[in-house]
>>> print(open('upload04.cif').read())   # mmCIF, C-alpha atoms
data_target
#
loop_
_atom_site.label_atom_id
_atom_site.label_comp_id
_atom_site.auth_asym_id
_atom_site.auth_seq_id
_atom_site.Cartn_x
_atom_site.Cartn_y
_atom_site.Cartn_z
CA SER A 1 -57.72 -33.31 32.24
CA ALA A 2 -57.60 -29.52 32.02
CA ALA A 3 -61.24 -29.26 33.14
CA ALA A 4 -60.53 -31.29 36.27
CA THR A 5 -57.50 -29.13 37.04
CA ALA A 6 -59.52 -25.94 36.60
CA ALA A 7 -62.29 -27.30 38.82
CA ALA A 8 -59.76 -28.20 41.52
CA GLU A 9 -58.36 -24.67 41.75
CA ALA A 10 -59.77 -22.94 44.80
CA VAL A 11 -61.71 -19.80 44.12
CA PRO A 12 -61.58 -17.62 47.24
CA ALA A 13 -64.96 -16.89 48.74
CA ILE A 14 -65.91 -13.22 48.73
CA PRO A 15 -65.62 -12.04 52.34
CA ASP A 16 -68.59 -10.27 53.92
CA LEU A 17 -67.34 -6.69 54.19
CA ARG A 18 -69.99 -5.93 56.81
CA ALA A 19 -68.44 -8.48 59.19
CA ASP A 20 -66.03 -7.35 61.89
CA ASP A 21 -63.63 -10.24 61.32
CA VAL A 22 -62.63 -9.53 57.71
CA VAL A 23 -58.84 -9.76 57.27
CA ALA A 24 -56.84 -8.27 54.39
CA ASP A 25 -55.25 -11.60 53.47
CA GLN A 26 -58.61 -13.22 52.67
CA LEU A 27 -58.24 -11.97 49.08
CA PRO A 28 -55.24 -10.88 47.05
CA GLU A 29 -54.83 -7.15 46.45
CA ASP A 30 -56.34 -7.38 42.95
CA GLY A 31 -59.32 -9.29 44.34
CA TRP A 32 -60.06 -6.48 46.79
CA LEU A 33 -59.69 -3.89 44.03
CA LYS A 34 -62.08 -5.78 41.75
CA LEU A 35 -64.59 -6.06 44.60
CA ALA A 36 -64.20 -2.34 45.33
CA ARG A 37 -64.97 -1.46 41.70
CA GLU A 38 -68.03 -3.73 41.69
CA LEU A 39 -69.32 -2.20 44.92
CA MET A 40 -68.71 1.32 43.63
CA ASP A 41 -70.68 0.48 40.48
CA GLN A 42 -73.52 -0.76 42.71
CA GLY A 43 -73.48 2.49 44.72
CA GLU A 44 -72.17 0.73 47.85
CA LEU A 45 -69.56 3.42 48.46
CA ARG A 46 -68.89 2.67 52.13
CA LEU A 47 -68.23 -1.00 51.38
CA ALA A 48 -66.16 -0.03 48.32
CA LEU A 49 -64.00 2.13 50.58
CA ARG A 50 -63.46 -0.79 52.96
CA ALA A 51 -62.52 -3.10 50.08
CA SER A 52 -60.04 -0.47 48.83
CA TYR A 53 -58.61 -0.12 52.34
CA LEU A 54 -58.15 -3.90 52.56
CA ALA A 55 -56.46 -3.83 49.14
CA GLY A 56 -53.96 -1.35 50.56
CA LEU A 57 -53.28 -3.56 53.57
CA ALA A 58 -52.92 -6.60 51.30
CA HIS A 59 -50.44 -4.64 49.17
CA LEU A 60 -48.39 -3.60 52.19
CA GLY A 61 -48.47 -7.18 53.46
CA ARG A 62 -47.29 -8.58 50.12
CA ARG A 63 -44.38 -6.12 50.21
CA GLU A 64 -43.63 -7.22 53.80
CA LEU A 65 -44.09 -3.70 55.15
CA ILE A 66 -46.70 -5.10 57.54
CA SER A 67 -47.67 -8.62 58.50
CA ILE A 68 -51.40 -9.28 58.28
CA ALA A 69 -53.02 -10.87 61.34
CA ARG A 70 -56.63 -11.17 62.47
CA HIS A 71 -55.86 -9.78 65.95
CA LYS A 72 -54.18 -6.58 64.72
CA SER A 73 -55.85 -3.20 64.81
CA ASN A 74 -55.35 -0.36 62.34
CA LEU A 75 -53.13 1.28 64.96
CA ASP A 76 -51.00 -1.89 65.09
CA TYR A 77 -50.59 -1.78 61.30
CA GLU A 78 -49.78 1.94 61.39
CA ARG A 79 -47.07 1.45 64.04
CA GLU A 80 -45.59 -1.51 62.18
CA LEU A 81 -45.51 0.44 58.91
CA ARG A 82 -43.84 3.43 60.62
CA ARG A 83 -41.12 1.10 61.97
CA ARG A 84 -40.49 -0.66 58.67
CA ALA A 85 -40.83 2.34 56.32
CA ARG A 86 -39.72 5.20 58.57
CA SER A 87 -37.81 7.08 55.87
CA ARG A 88 -40.50 6.77 53.16
CA GLU A 89 -42.48 9.95 53.76
CA GLU A 90 -44.68 9.78 50.65
CA LEU A 91 -45.75 6.23 51.46
CA LEU A 92 -46.46 7.12 55.09
CA SER A 93 -48.43 10.27 54.25
CA ALA A 94 -50.61 8.43 51.69
CA CYS A 95 -51.24 5.63 54.20
CA ASP A 96 -52.07 8.14 56.94
CA ALA A 97 -54.57 9.94 54.70
CA ASN A 98 -56.26 6.68 53.73
CA LEU A 99 -56.38 5.43 57.31
CA GLU A 100 -58.04 8.67 58.40
CA ALA A 101 -60.57 8.53 55.54
CA PHE A 102 -61.35 4.88 56.25
CA GLU A 103 -61.78 5.33 59.98
CA ARG A 104 -64.00 8.41 59.52
CA ALA A 105 -66.27 6.45 57.18
CA TRP A 106 -66.21 3.06 58.86
CA TYR A 107 -66.17 3.94 62.56
CA GLY A 108 -67.27 7.56 62.46
CA LEU A 109 -70.12 6.82 60.06
CA HIS A 110 -69.27 9.79 57.86
CA GLU A 111 -70.86 9.62 54.43
CA VAL A 112 -68.63 8.23 51.67
CA THR A 113 -68.89 10.19 48.45
CA ARG A 114 -67.41 9.46 45.04
CA ASP A 115 -64.95 12.35 45.68
CA ILE A 116 -63.74 10.68 48.88
CA LEU A 117 -63.33 7.38 47.03
CA THR A 118 -61.48 9.10 44.18
CA ALA A 119 -59.03 10.73 46.62
CA PHE A 120 -58.66 7.46 48.52
CA ASN A 121 -57.89 5.53 45.33
CA ALA A 122 -55.39 8.19 44.21
CA ASN A 123 -53.56 7.70 47.52
CA LEU A 124 -53.76 3.94 47.02
CA GLU A 125 -52.02 4.38 43.66
CA ARG A 126 -49.33 6.47 45.39
CA ILE A 127 -48.89 3.68 47.95
CA ARG A 128 -48.59 1.06 45.23
CA ALA A 129 -46.02 3.20 43.35
CA CYS A 130 -43.79 3.91 46.39
#
>>> encode(input="upload04.cif", output="structure tokens")
Amino acid sequence: SAAATAAAEAVPAIPDLRADDVVADQLPEDGWLKLARELMDQGELRLALRASYLAGLAHLGRRELISIARHKSNLDYERELRRRARSREELLSACDANLEAFERAWYGLHEVTRDILTAFNANLERIRAC
């Protein structure tokens, strides 16, 4: 029956964005973006930024510009992207800006404002369009 088929489809669990072991391939790009919007609406701007960052990684992974792996660092992803997209300056500059914003907020504990998120998401749109 259709109900049994629908029940059998796996719904991905929402990853805990506070955990260190979150990996970009745990949700599809659109799943991360939906989560980011929900978190932004709840005022959880730092977590919304992380979800948006993971959406960007998921996007790059889907396009095979990086390969997602639990053991990789942001630096690993940056190096891999530079190798695979070396001539795509707009893509690289948008990714660099978002990496810097993410690392300042996530590791540097800088406050995340709506303006920072707006700029981040504008770069994410540039990345998706490149």
>>> closest_residue(input="upload04.cif", among="A:Ile127, A:Ala85, A:Ile116, A:Leu27", to="A:Glu100", atoms="only C-alpha atoms")
A:Ile116
>>> atom_distance(input="upload04.cif", atom1="atom CA of A:Ala36", atom2="atom CA of A:Ala51")
5.1 Å
>>> closest_residue(input="upload04.cif", among="A:Thr113, A:Ser73, A:Gln26, A:Asn123", to="A:Cys95", atoms="all atoms listed in the file")
A:Asn123
>>> residues_around(input="upload04.cif", residues="A:Leu65", least_positions_apart="5", cutoff="6 Å", atoms="all atoms listed in the file", output="PyMOL selection string")
chain A and resi 60+81+84
>>> write_last_selection(input="upload04.cif", atoms="C-alpha atoms", output="mmCIF file, keeping the file's coordinate frame")
data_model
loop_
_atom_site.group_PDB
_atom_site.id
_atom_site.type_symbol
_atom_site.label_atom_id
_atom_site.label_comp_id
_atom_site.auth_asym_id
_atom_site.auth_seq_id
_atom_site.Cartn_x
_atom_site.Cartn_y
_atom_site.Cartn_z
ATOM 1 C CA LEU A 60 -48.390 -3.600 52.190
ATOM 2 C CA LEU A 81 -45.510 0.440 58.910
ATOM 3 C CA ARG A 84 -40.490 -0.660 58.670
#
>>> closest_residue(input="upload04.cif", among="A:Glu125, A:Glu64, A:Glu80, A:Asp30", to="A:Ala94", atoms="all atoms listed in the file")
A:Glu125
>>> axis_aligned_box(input="upload04.cif", around="stretch 83-87 of chain A", padding_each_side="3 Å", output="AutoDock Vina command-line options")
--center_x -39.5 --center_y 3.2 --center_z 58.9 --size_x 9.3 --size_y 13.7 --size_z 12.1
>>> atom_distance(input="upload04.cif", atom1="atom CA of A:Gly108", atom2="atom CA of A:Asn121")
19.6 Å
>>> atom_distance(input="upload04.cif", atom1="atom CA of A:Val112", atom2="atom CA of A:Leu45")
5.9 Å
>>> residues_near_point(input="upload04.cif", point="(-66.1, -8.3, 57.6)", cutoff="12 Å", atoms="all atoms listed in the file", output="PyMOL selection string")
chain A and resi 14-24+26+47+50-51+54+70+106
>>> residues_around(input="upload04.cif", residues="A:Cys130", least_positions_apart="2", cutoff="8 Å", atoms="only C-alpha atoms", output="PyMOL selection string")
chain A and resi 90-91+126-128
>>> decode(input="upload04.cif", residues="stretch 60-72 of chain A", atoms="all heavy atoms", output="mmCIF file, in the first residue's frame")
data_model
loop_
_atom_site.group_PDB
_atom_site.id
_atom_site.type_symbol
_atom_site.label_atom_id
_atom_site.label_comp_id
_atom_site.auth_asym_id
_atom_site.auth_seq_id
_atom_site.Cartn_x
_atom_site.Cartn_y
_atom_site.Cartn_z
ATOM 1 N N LEU A 60 28.822 21.474 -2.599
ATOM 2 C CA LEU A 60 30.099 21.227 -3.271
ATOM 3 C C LEU A 60 30.356 19.731 -3.420
ATOM 4 O O LEU A 60 30.910 19.290 -4.431
ATOM 5 C CB LEU A 60 31.234 21.899 -2.499
ATOM 6 C CG LEU A 60 31.193 23.427 -2.476
ATOM 7 C CD1 LEU A 60 32.224 23.966 -1.489
ATOM 8 C CD2 LEU A 60 31.398 24.016 -3.866
ATOM 9 N N GLY A 61 29.944 18.954 -2.425
ATOM 10 C CA GLY A 61 30.088 17.506 -2.512
ATOM 11 C C GLY A 61 29.219 16.912 -3.612
ATOM 12 O O GLY A 61 29.661 16.050 -4.381
ATOM 13 N N ARG A 62 27.982 17.377 -3.698
ATOM 14 C CA ARG A 62 27.061 16.884 -4.731
ATOM 15 C C ARG A 62 27.611 17.174 -6.122
ATOM 16 O O ARG A 62 27.457 16.373 -7.047
ATOM 17 C CB ARG A 62 25.679 17.518 -4.546
ATOM 18 C CG ARG A 62 24.624 16.993 -5.512
ATOM 19 C CD ARG A 62 23.257 17.580 -5.248
ATOM 20 N NE ARG A 62 23.203 19.033 -5.264
ATOM 21 C CZ ARG A 62 23.236 19.780 -6.371
ATOM 22 N NH1 ARG A 62 23.337 19.228 -7.550
ATOM 23 N NH2 ARG A 62 23.177 21.098 -6.288
ATOM 24 N N ARG A 63 28.274 18.319 -6.264
ATOM 25 C CA ARG A 63 28.866 18.700 -7.555
ATOM 26 C C ARG A 63 30.244 18.082 -7.771
ATOM 27 O O ARG A 63 30.905 18.364 -8.765
ATOM 28 C CB ARG A 63 28.959 20.220 -7.646
ATOM 29 C CG ARG A 63 27.583 20.850 -7.807
ATOM 30 C CD ARG A 63 27.607 22.350 -7.840
ATOM 31 N NE ARG A 63 28.519 22.891 -8.836
ATOM 32 C CZ ARG A 63 28.937 24.165 -8.830
ATOM 33 N NH1 ARG A 63 28.497 25.016 -7.904
ATOM 34 N NH2 ARG A 63 29.757 24.603 -9.751
ATOM 35 N N GLU A 64 30.677 17.264 -6.817
ATOM 36 C CA GLU A 64 31.964 16.564 -6.883
ATOM 37 C C GLU A 64 33.147 17.519 -6.935
ATOM 38 O O GLU A 64 34.188 17.214 -7.529
ATOM 39 C CB GLU A 64 31.980 15.552 -8.032
ATOM 40 C CG GLU A 64 30.915 14.480 -7.863
ATOM 41 C CD GLU A 64 30.915 13.439 -8.973
ATOM 42 O OE1 GLU A 64 31.715 13.557 -9.928
ATOM 43 O OE2 GLU A 64 30.106 12.504 -8.867
ATOM 44 N N LEU A 65 32.989 18.684 -6.311
ATOM 45 C CA LEU A 65 34.114 19.621 -6.184
ATOM 46 C C LEU A 65 34.903 19.336 -4.916
ATOM 47 O O LEU A 65 36.062 19.746 -4.791
ATOM 48 C CB LEU A 65 33.600 21.061 -6.195
ATOM 49 C CG LEU A 65 33.035 21.501 -7.552
ATOM 50 C CD1 LEU A 65 32.300 22.823 -7.434
ATOM 51 C CD2 LEU A 65 34.153 21.594 -8.591
ATOM 52 N N ILE A 66 34.282 18.635 -3.975
ATOM 53 C CA ILE A 66 34.957 18.088 -2.799
ATOM 54 C C ILE A 66 34.329 16.723 -2.538
ATOM 55 O O ILE A 66 33.227 16.439 -3.008
ATOM 56 C CB ILE A 66 34.817 18.981 -1.533
ATOM 57 C CG1 ILE A 66 33.347 19.144 -1.148
ATOM 58 C CG2 ILE A 66 35.509 20.315 -1.708
ATOM 59 C CD1 ILE A 66 33.130 19.832 0.205
ATOM 60 N N SER A 67 35.026 15.892 -1.791
ATOM 61 C CA SER A 67 34.401 14.655 -1.330
ATOM 62 C C SER A 67 34.289 14.759 0.192
ATOM 63 O O SER A 67 35.264 15.059 0.874
ATOM 64 C CB SER A 67 35.185 13.421 -1.773
ATOM 65 O OG SER A 67 36.519 13.498 -1.351
ATOM 66 N N ILE A 68 33.079 14.555 0.670
ATOM 67 C CA ILE A 68 32.777 14.710 2.095
ATOM 68 C C ILE A 68 33.298 13.499 2.856
ATOM 69 O O ILE A 68 33.060 12.357 2.446
ATOM 70 C CB ILE A 68 31.245 14.828 2.317
ATOM 71 C CG1 ILE A 68 30.644 15.946 1.459
ATOM 72 C CG2 ILE A 68 30.920 14.986 3.792
ATOM 73 C CD1 ILE A 68 31.058 17.333 1.807
ATOM 74 N N ALA A 69 33.998 13.737 3.950
ATOM 75 C CA ALA A 69 34.478 12.651 4.812
ATOM 76 C C ALA A 69 34.592 13.162 6.248
ATOM 77 O O ALA A 69 34.993 14.301 6.475
ATOM 78 C CB ALA A 69 35.826 12.140 4.327
ATOM 79 N N ARG A 70 34.219 12.310 7.179
ATOM 80 C CA ARG A 70 34.209 12.673 8.598
ATOM 81 C C ARG A 70 35.585 13.167 9.080
ATOM 82 O O ARG A 70 35.664 14.071 9.896
ATOM 83 C CB ARG A 70 33.751 11.467 9.421
ATOM 84 C CG ARG A 70 33.592 11.751 10.906
ATOM 85 C CD ARG A 70 32.977 10.586 11.652
ATOM 86 N NE ARG A 70 31.658 10.212 11.161
ATOM 87 C CZ ARG A 70 30.527 10.836 11.468
ATOM 88 N NH1 ARG A 70 30.547 11.865 12.271
ATOM 89 N NH2 ARG A 70 29.382 10.423 10.985
ATOM 90 N N HIS A 71 36.655 12.589 8.562
ATOM 91 C CA HIS A 71 37.997 12.924 9.060
ATOM 92 C C HIS A 71 38.556 14.226 8.494
ATOM 93 O O HIS A 71 39.589 14.701 8.957
ATOM 94 C CB HIS A 71 38.967 11.781 8.753
ATOM 95 C CG HIS A 71 39.248 11.639 7.285
ATOM 96 N ND1 HIS A 71 38.417 10.926 6.445
ATOM 97 C CD2 HIS A 71 40.227 12.142 6.496
ATOM 98 C CE1 HIS A 71 38.894 10.990 5.214
ATOM 99 N NE2 HIS A 71 39.992 11.721 5.209
ATOM 100 N N LYS A 72 37.896 14.815 7.496
ATOM 101 C CA LYS A 72 38.456 16.005 6.848
ATOM 102 C C LYS A 72 38.194 17.278 7.641
ATOM 103 O O LYS A 72 37.137 17.456 8.228
ATOM 104 C CB LYS A 72 37.880 16.169 5.441
ATOM 105 C CG LYS A 72 38.406 15.145 4.462
ATOM 106 C CD LYS A 72 37.905 15.441 3.079
ATOM 107 C CE LYS A 72 38.486 14.473 2.070
ATOM 108 N NZ LYS A 72 37.946 14.752 0.733
#
